[in-house]
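First up is the structure itself, then whatever we jot down about it.
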Amino acid sequence: MSCPGFGELNIPSSRAFWDDCDEDEFENITPAEKLELNFEAEWAGSKAAFESDLLVVIEGSQISHFGTSVLAKDSKRVCSIPAKTSSLHWNPVNKQLLAILEDDLTQSGEVTELLLPFAKVAKKVVTLTLKPKVEFKSEEIQLYSDDIAIVRGVGANEKGITELEAPNFIAGVAAGVASWRDQQDLPISSFVIYTDKIPLDSTAAQPVLKLLQSVGVACTSSYIPPRKENSYLYM
């Protein structure tokens with residue numbers, strides 16, 4: 001299965017790139033702090049990856065409340081993930097492992113490495129990337145002007161789901177996990193939804209919930225976003 005929709009990282013191969021840097025510059029660089037999963041007390045004893053029937057990786061901007069509300073119900077928080085307010089949750093009833101990831105491309109490579117042990121032992125993996133609708137590129141973009149969301153698969157081969165068209169692509173942790181599973185010939189279903197509302201509201205959440213339910217992800221049928229604090233104008 002080919003997955004052309006995954007982004008690639010281009011690393012300079014020419015020595016000239018490194019020759020432009022003085023050795024003193026490297027000596028003065030403070031080593032970056034190694035990222036780690038911060039396990040809850042219940043899980044701190046082993047910290048080892050465990051098998052799941054389904055690993056769900058959902059990634060996007062301001063996605064934490066949606067993920068914990070509709071996907072993490074009856075689940076136990078396993079650990080926090082070092083990408084803003086990201087977290088990992090385990091549902092022992094249906095053996096579903098959920099990674100809720102706030103969009104943070106600056107650390108996506110390291111965070112992907114932290115989650116790969118769980119991706120290696122999962123029987124099935126579903127990834128979903130949420131992006132603003134304005135980022136979707138198409139020569140016929142006017143056809144989607146009235147759509148709440150544009151749903152695409154990335155090498156998913158799911159009935160009724162259109163494959164993501166070039167030049168569109170996905171990047172981040174979800175893309176990294178999906179790409180690794182694809183390279184290892186392990187089952188993977190990867191999707192991207194371009195939505196006109198971020199953070200999601202109750203209406204924009206419906207296409208997301210419909211997709212997740214169609215691929216066997218345990219979630220609620222509706223979403224109630226957090227109430228915004230009232231603002232007052234004073235004369």
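In the structure tokens, chains take the letters A, B, ... in the order shown, each chain's residues start at 1, and ligands count up from 1 in the order shown.
Non-sequential neighbours of stretch 139-146 of chain A (distance at most 12 Å, separation of 5 or more positions within a chain, only C-alpha atoms) are Lys133, Val134, Val151, Glu165, Ala166, Pro167, Asn168, Tyr194, Thr195 and Asp196 of chain A.
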Limited to N, CA, C and O atoms, could you put the picked residues into a file as an mmCIF file, in the first residue's frame?
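As written to disk, out07.cif reads:
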data_model
loop_
_atom_site.group_PDB
_atom_site.id
_atom_site.type_symbol
_atom_site.label_atom_id
_atom_site.label_comp_id
_atom_site.auth_asym_id
_atom_site.auth_seq_id
_atom_site.Cartn_x
_atom_site.Cartn_y
_atom_site.Cartn_z
ATOM 1 N N LYS A 133 -10.075 24.252 7.025
ATOM 2 C CA LYS A 133 -10.567 24.053 5.661
ATOM 3 C C LYS A 133 -9.815 24.920 4.654
ATOM 4 O O LYS A 133 -9.650 24.527 3.495
ATOM 5 N N VAL A 134 -9.346 26.083 5.075
ATOM 6 C CA VAL A 134 -8.654 26.996 4.168
ATOM 7 C C VAL A 134 -7.332 26.417 3.666
ATOM 8 O O VAL A 134 -6.764 26.913 2.689
ATOM 9 N N VAL A 151 -13.536 15.427 3.927
ATOM 10 C CA VAL A 151 -12.957 14.208 4.493
ATOM 11 C C VAL A 151 -12.157 13.480 3.426
ATOM 12 O O VAL A 151 -12.647 13.228 2.331
ATOM 13 N N GLU A 165 -5.831 14.264 -2.418
ATOM 14 C CA GLU A 165 -5.240 14.646 -3.684
ATOM 15 C C GLU A 165 -4.018 15.531 -3.482
ATOM 16 O O GLU A 165 -3.977 16.358 -2.570
ATOM 17 N N ALA A 166 -3.001 15.377 -4.350
ATOM 18 C CA ALA A 166 -1.863 16.290 -4.368
ATOM 19 C C ALA A 166 -2.367 17.665 -4.806
ATOM 20 O O ALA A 166 -3.331 17.746 -5.579
ATOM 21 N N PRO A 167 -1.751 18.750 -4.305
ATOM 22 C CA PRO A 167 -0.530 18.795 -3.501
ATOM 23 C C PRO A 167 -0.765 18.713 -1.994
ATOM 24 O O PRO A 167 0.116 19.057 -1.216
ATOM 25 N N ASN A 168 -1.960 18.311 -1.577
ATOM 26 C CA ASN A 168 -2.255 18.210 -0.150
ATOM 27 C C ASN A 168 -1.466 17.058 0.482
ATOM 28 O O ASN A 168 -1.215 16.045 -0.174
ATOM 29 N N TYR A 194 -10.567 18.380 6.792
ATOM 30 C CA TYR A 194 -10.438 19.829 6.719
ATOM 31 C C TYR A 194 -11.775 20.417 7.167
ATOM 32 O O TYR A 194 -12.797 20.201 6.527
ATOM 33 N N THR A 195 -11.763 21.142 8.264
ATOM 34 C CA THR A 195 -13.010 21.645 8.848
ATOM 35 C C THR A 195 -13.041 23.170 8.861
ATOM 36 O O THR A 195 -11.994 23.820 8.941
ATOM 37 N N ASP A 196 -14.237 23.726 8.775
ATOM 38 C CA ASP A 196 -14.358 25.188 8.760
ATOM 39 C C ASP A 196 -14.464 25.779 10.158
ATOM 40 O O ASP A 196 -14.658 26.980 10.312
#
* Hey, what's within 9 Å of A:Leu209 if we count only C-alpha atoms and toss same-chain stuff fewer than 6 positions away? As a PyMOL selection string, please? -> chain A and resi 70+219-223
Residues just named, written with C-alpha atoms as a short mmCIF file (atom, residue, chain, number, x, y, z; two decimals), in the first residue's frame:
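So result23.cif came out as:
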data_model
loop_
_atom_site.label_atom_id
_atom_site.label_comp_id
_atom_site.auth_asym_id
_atom_site.auth_seq_id
_atom_site.Cartn_x
_atom_site.Cartn_y
_atom_site.Cartn_z
CA VAL A 70 -16.09 12.07 23.04
CA CYS A 219 -16.96 7.43 20.74
CA THR A 220 -20.08 9.37 21.69
CA SER A 221 -22.65 10.40 19.09
CA SER A 222 -22.48 14.12 19.82
CA TYR A 223 -20.14 16.77 21.20
#
* Write out as a ChimeraX atom specification all residues of stretch 59-111 of chain A that DSSP puts in strand (DSSP E) for this structure's backbone. => /A:59-60,76-81,86-91,96-102
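Distances to A:Leu54 were evaluated for A:His89, A:Lys95, A:Arg77, A:Lys84 using only C-alpha atoms, and the minimum falls at A:Lys95.
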* To do: Using only C-alpha atoms, pick whichever of A:Asp74, A:Glu59, A:Asp53, A:Glu158 has the shortest atom-to-atom distance to A:Val215.
  => A:Glu158
* **Residue set, stretch 40-223 of chain A restricted to helix (DSSP H, G or I), as a PyMOL selection string** => chain A and resi 64-70+105-121+133-135+141-144+173-183+205-214
Save out the residues we just selected, N, CA and C atoms, as a compact mmCIF listing (two decimals), in the first residue's frame.
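Output (result.txt):
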# COMPACT_ATOMS: atom_id res chain seq x y z
N SER A 64 -7.89 18.94 22.45
CA SER A 64 -7.89 18.20 23.71
C SER A 64 -9.29 18.01 24.30
N HIS A 65 -10.09 19.06 24.36
CA HIS A 65 -11.41 18.95 24.97
C HIS A 65 -12.29 18.00 24.17
N PHE A 66 -12.25 18.10 22.84
CA PHE A 66 -13.03 17.19 22.01
C PHE A 66 -12.60 15.75 22.24
N GLY A 67 -11.31 15.50 22.24
CA GLY A 67 -10.81 14.14 22.40
C GLY A 67 -11.18 13.52 23.73
N THR A 68 -11.01 14.26 24.80
CA THR A 68 -11.31 13.70 26.12
C THR A 68 -12.82 13.57 26.34
N SER A 69 -13.61 14.41 25.69
CA SER A 69 -15.06 14.38 25.89
C SER A 69 -15.75 13.25 25.14
N VAL A 70 -15.36 13.04 23.87
CA VAL A 70 -16.09 12.07 23.04
C VAL A 70 -15.36 10.75 22.85
N LEU A 105 4.35 20.78 15.40
CA LEU A 105 5.30 20.18 14.47
C LEU A 105 6.75 20.30 14.94
N THR A 106 7.03 21.20 15.86
CA THR A 106 8.41 21.39 16.31
C THR A 106 8.94 20.16 17.04
N GLN A 107 8.04 19.36 17.63
CA GLN A 107 8.47 18.18 18.40
C GLN A 107 7.86 16.89 17.87
N SER A 108 7.27 16.94 16.68
CA SER A 108 6.52 15.78 16.19
C SER A 108 7.40 14.54 15.99
N GLY A 109 8.63 14.74 15.55
CA GLY A 109 9.52 13.59 15.35
C GLY A 109 9.80 12.85 16.64
N GLU A 110 10.13 13.60 17.70
CA GLU A 110 10.44 12.99 19.00
C GLU A 110 9.20 12.35 19.62
N VAL A 111 8.06 13.02 19.49
CA VAL A 111 6.82 12.47 20.05
C VAL A 111 6.42 11.20 19.32
N THR A 112 6.63 11.17 18.01
CA THR A 112 6.36 9.95 17.24
C THR A 112 7.18 8.79 17.78
N GLU A 113 8.45 9.03 18.05
CA GLU A 113 9.32 7.97 18.60
C GLU A 113 8.79 7.46 19.94
N LEU A 114 8.23 8.35 20.75
CA LEU A 114 7.70 7.94 22.05
C LEU A 114 6.47 7.04 21.91
N LEU A 115 5.70 7.26 20.84
CA LEU A 115 4.46 6.49 20.66
C LEU A 115 4.65 5.23 19.81
N LEU A 116 5.76 5.13 19.10
CA LEU A 116 5.97 3.97 18.23
C LEU A 116 5.91 2.63 18.97
N PRO A 117 6.42 2.52 20.21
CA PRO A 117 6.29 1.23 20.92
C PRO A 117 4.84 0.78 21.05
N PHE A 118 3.92 1.72 21.25
CA PHE A 118 2.50 1.37 21.33
C PHE A 118 1.94 1.04 19.95
N ALA A 119 2.43 1.73 18.93
CA ALA A 119 1.99 1.47 17.55
C ALA A 119 2.47 0.11 17.06
N LYS A 120 3.62 -0.33 17.55
CA LYS A 120 4.18 -1.61 17.12
C LYS A 120 3.34 -2.79 17.57
N VAL A 121 2.74 -2.70 18.76
CA VAL A 121 2.02 -3.85 19.32
C VAL A 121 0.51 -3.72 19.19
N LYS A 133 -10.07 24.25 7.03
CA LYS A 133 -10.57 24.05 5.66
C LYS A 133 -9.82 24.92 4.65
N VAL A 134 -9.35 26.08 5.07
CA VAL A 134 -8.65 27.00 4.17
C VAL A 134 -7.33 26.42 3.67
N GLU A 135 -6.82 25.37 4.32
CA GLU A 135 -5.56 24.77 3.89
C GLU A 135 -5.75 23.73 2.78
N ILE A 141 -12.01 24.18 -5.94
CA ILE A 141 -12.27 24.49 -4.54
C ILE A 141 -13.68 25.04 -4.33
N GLN A 142 -14.26 25.66 -5.36
CA GLN A 142 -15.60 26.24 -5.22
C GLN A 142 -16.65 25.17 -4.95
N LEU A 143 -16.35 23.92 -5.31
CA LEU A 143 -17.31 22.84 -5.09
C LEU A 143 -17.49 22.55 -3.60
N TYR A 144 -16.54 22.97 -2.78
CA TYR A 144 -16.57 22.64 -1.36
C TYR A 144 -16.92 23.85 -0.49
N VAL A 173 2.67 13.90 14.10
CA VAL A 173 2.77 12.60 14.77
C VAL A 173 1.86 11.57 14.10
N ALA A 174 0.63 11.97 13.79
CA ALA A 174 -0.31 11.04 13.15
C ALA A 174 0.27 10.52 11.84
N ALA A 175 0.86 11.42 11.05
CA ALA A 175 1.48 11.02 9.79
C ALA A 175 2.69 10.12 10.02
N GLY A 176 3.46 10.42 11.06
CA GLY A 176 4.64 9.61 11.36
C GLY A 176 4.28 8.19 11.77
N VAL A 177 3.27 8.06 12.64
CA VAL A 177 2.82 6.73 13.08
C VAL A 177 2.26 5.95 11.90
N ALA A 178 1.43 6.61 11.08
CA ALA A 178 0.82 5.93 9.93
C ALA A 178 1.87 5.50 8.92
N SER A 179 2.84 6.38 8.66
CA SER A 179 3.90 6.05 7.71
C SER A 179 4.72 4.85 8.18
N TRP A 180 5.02 4.81 9.49
CA TRP A 180 5.80 3.69 10.03
C TRP A 180 5.02 2.37 9.91
N ARG A 181 3.74 2.39 10.25
CA ARG A 181 2.91 1.19 10.13
C ARG A 181 2.85 0.72 8.67
N ASP A 182 2.72 1.67 7.76
CA ASP A 182 2.66 1.34 6.33
C ASP A 182 3.95 0.68 5.87
N GLN A 183 5.08 1.22 6.30
CA GLN A 183 6.38 0.67 5.92
C GLN A 183 6.60 -0.73 6.48
N ALA A 205 -18.28 19.01 14.60
CA ALA A 205 -17.85 17.73 15.15
C ALA A 205 -18.54 16.54 14.49
N GLN A 206 -19.72 16.76 13.91
CA GLN A 206 -20.50 15.65 13.37
C GLN A 206 -19.78 14.85 12.28
N PRO A 207 -19.16 15.49 11.27
CA PRO A 207 -18.44 14.69 10.28
C PRO A 207 -17.28 13.90 10.88
N VAL A 208 -16.67 14.45 11.92
CA VAL A 208 -15.57 13.77 12.60
C VAL A 208 -16.09 12.53 13.31
N LEU A 209 -17.17 12.68 14.06
CA LEU A 209 -17.75 11.56 14.78
C LEU A 209 -18.26 10.49 13.82
N LYS A 210 -18.86 10.91 12.72
CA LYS A 210 -19.38 9.96 11.74
C LYS A 210 -18.25 9.12 11.15
N LEU A 211 -17.12 9.75 10.84
CA LEU A 211 -15.98 9.02 10.30
C LEU A 211 -15.43 8.04 11.32
N LEU A 212 -15.23 8.51 12.55
CA LEU A 212 -14.66 7.64 13.59
C LEU A 212 -15.55 6.42 13.84
N GLN A 213 -16.85 6.63 13.91
CA GLN A 213 -17.77 5.52 14.13
C GLN A 213 -17.74 4.53 12.97
N SER A 214 -17.58 5.04 11.74
CA SER A 214 -17.59 4.17 10.56
C SER A 214 -16.37 3.26 10.50
* Between A:Cys79, A:Ile188, A:Leu164, A:Val57, single out the one closest to A:Lys123, counting only C-alpha atoms. => A:Ile188
* Proximity to A:Lys131 - best of A:Ser189, A:Asn91, A:Ser202, A:Ser61, only C-alpha atoms ->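 That would be A:Ser61, the residue with the smallest distance to A:Lys131.
Straight-line separation from atom CA of A:Glu163 to atom CA of A:Ser52: 27.0 Å.
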* Asked: Could you pull the residues within 12 Å of A:Phe39, counting only C-alpha atoms, minus those fewer than 3 positions along the same chain, as a PyMOL selection string?
  -> chain A and resi 36+42-49+76-82+87-89
* At what distance in Å, to one decimal, does atom CA of A:Leu186 lie from atom CA of A:Ser86? ->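 Those two atoms sit 24.9 Å apart.
The residue that comes closest to A:Ala156, out of A:Gly216, A:Pro187, A:Gly60, A:Pro132 and on the basis of only C-alpha atoms, is A:Pro187.
With distances restricted to only C-alpha atoms, A:Ile193 is the closest residue to A:Leu130 from A:Ile63, A:Ile193, A:Leu55, A:Ala204.
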